[in-house]
Amino acid sequence: MAAPGKVAAFRLPPLPTVGEIIKLFRLKALKQLSQNFLLDLRLTDKIVKQAGELKNAHVCEVGPGPGGITRSILSAGVEQLLLIEKDARFIPGLQMLSEAAPGKVRIVHGDILTYKMEKAFPKHLKKNWEDEPPDIHIIGNLPFSVSTPLIIKWLENVSKQDGPFIYGRTQMTLTFQKEVGERLTANPGSNQRSRLSIMAQHLCTVENCFVIPGQAFVPKPEVDVAVVHFTPLVQPKIQQPFELVEKVVRSVFQFRRKYCFRGIETLFPENGRLKRTEQLMMTADVDPTLRPFQLSMSQFKKLCNAYRKMCDEDPSLFVFDYREELRQKKTTGNLLGSTGQPEQT
Ligand code: SAM
């Protein structure tokens, strides 16, 4: 867990306020891009503090928009700040901030979903995975439609130690819809326990820092917002490839309210499904009548390990796709018609 850092280690020269920048450059929030801005610098300072000590750090801010969080990051005394913004309208306002902090800011007009983070920072900042996290931080208040796919992509990068994690255990402080924040940190038995809880917690220490009420944003979103901090773990809780863990966890949560064996069944082809499900549950020593949200991390680990063993014995298992089987059955059923006989053409 990051110790909250100090803000105001660097004083920016007098600048127009974030609100004035919005007016000056006519930066009306675009509803279709889910743009909601933070204008209150006490709040942006509070978000930035969650990242930990940023003095002399290298930071990437994703989606800086009109630059509220950007100002707080600069005030924390960072060495370098990389800004990645998709909407070109914000670039002139960000350039104004860059001029106020000479030599510190690099602005990229681009999409964080495709930006190559493995080249974003100087090589000398690299740390071994087992060492303390590098002095690199990712901070962002992105639209919810971007932050959830992005964290899934970054969790895969954590697992493979690539992307932003080529530098070591890079820490992230990101915002999510409040419910997603709750899912990311949910414990076994909790209503919010989901695929996201397992995928995040098996790879990272995840901390739900605080909630920002919707009314703090301009314009006000429909929901409240959670600030979540991630530090990749030295040792993932489940030591199996990302794709395998993802497949087991996705299958288990497919039937959230049913006994967990219902989801686990979908890992296996129809022929021999019951027998193989029983075999997996027995090897993993997991009670098949537990509900998916009741399973602990160590039970997921045992399920993944047992599934891996079965895949090693029969490599065709891993490529089996339950939905594809359903689609094919549907197509065959349609061809056979309602009588179960092939239709006359
Ligand atoms: N950080 C600012 C703040 O807190 O006031 C703006 C927040 S607004 C919710 C999200 C910002 O992310 C917008 O500036 C938007 O243009 C930008 N954005 C959206 N999708 C993006 C993407 N894929 N890559 C980079 N920036 C993106």
# chains A, B, ... in the order shown; residues from 1 in each chain; ligands from 1
$ residues_near_ligand --ligand "ligand 1" --cutoff "7 Å" --atoms "only C-alpha atoms and all ligand atoms" --output "VMD selection string"
chain A and resid 33 to 39 62 to 69 84 to 87 110 to 113 140 to 143 146
$ select_by_dssp --residues "range 117-215 of chain A" --states "strand (DSSP E or B)" --output "ChimeraX atom specification"
/A:136-140,171-177,204-212
$ residues_around --residues "range 72-75 of chain A" --least-positions-apart "5" --cutoff "9 Å" --atoms "only C-alpha atoms" --output "list in words"
Val7, Ala8, Ala9, Phe10, Arg11, Leu12, Leu41, Arg42, Thr44, Asp45, Lys46, Ile47, Val48, Lys49, Leu54, Val59, Glu61, Gly67, Gln80, Leu81, Ala101, Lys104, Val105 and Ile139 of chain A
$ residues_around --residues "range 158-166 of chain A" --least-positions-apart "5" --cutoff "9 Å" --atoms "only C-alpha atoms" --output "PyMOL selection string"
chain A and resi 116-121+126-127+129+138+153+171+203-204+232-233+236+241-242
$ residues_around --residues "His58 in chain A" --least-positions-apart "2" --cutoff "7 Å" --atoms "only C-alpha atoms" --output "number ranges by chain"
A: 56, 60, 78-81, 135-137
$ write_last_selection --atoms "C-alpha atoms" --output "PDB file, in the first residue's frame"
ATOM      1  CA  ASN A  56      11.436  13.446  -8.469  1.00  0.00           C
ATOM      2  CA  CYS A  60       2.197   9.224 -16.709  1.00  0.00           C
ATOM      3  CA  VAL A  78       7.792  15.284 -10.198  1.00  0.00           C
ATOM      4  CA  GLU A  79      10.852  14.956 -12.403  1.00  0.00           C
ATOM      5  CA  GLN A  80       8.939  14.169 -15.619  1.00  0.00           C
ATOM      6  CA  LEU A  81       5.245  14.095 -16.494  1.00  0.00           C
ATOM      7  CA  ASP A 135       9.863   5.561  -9.265  1.00  0.00           C
ATOM      8  CA  ILE A 136       7.182   5.472 -11.967  1.00  0.00           C
ATOM      9  CA  HIS A 137       3.494   6.075 -11.404  1.00  0.00           C
TER      10      HIS A 137
END
$ select_by_dssp --residues "range 202-245 of chain A" --states "alpha helix (DSSP H)" --output "ChimeraX atom specification"
/A:242-245
$ write_last_selection --atoms "C-alpha atoms" --output "compact mmCIF listing (two decimals), in the first residue's frame"
# COMPACT_ATOMS: atom_id res chain seq x y z
CA PHE A 242 -3.08 -15.03 -17.38
CA GLU A 243 -5.24 -16.65 -20.08
CA LEU A 244 -5.76 -19.80 -18.01
CA VAL A 245 -6.69 -17.93 -14.83
$ atom_distance --atom1 "CA of Ala306 in chain A" --atom2 "CA of Thr283 in chain A"
6.0 Å
$ atom_distance --atom1 "CA of Phe261 in chain A" --atom2 "CA of Pro149 in chain A"
27.5 Å
$ closest_residue --among "A:Leu290, A:Ala57, A:Val234, A:Leu174" --to "Lys258 in chain A" --atoms "only C-alpha atoms"
A:Leu290
$ residues_around --residues "Leu326 in chain A" --least-positions-apart "5" --cutoff "12 Å" --atoms "only C-alpha atoms" --output "number ranges by chain"
A: 266, 269-270, 320-321, 331-333
$ closest_residue --among "A:Phe268, A:Arg250, A:Phe210, A:Gln328" --to "Leu43 in chain A" --atoms "only C-alpha atoms"
A:Phe210
$ atom_distance --atom1 "CA of Ser147 in chain A" --atom2 "CA of Ala216 in chain A"
18.9 Å
$ residues_around --residues "His229 in chain A" --least-positions-apart "4" --cutoff "6 Å" --atoms "only C-alpha atoms" --output "PyMOL selection string"
chain A and resi 172-173+206-207
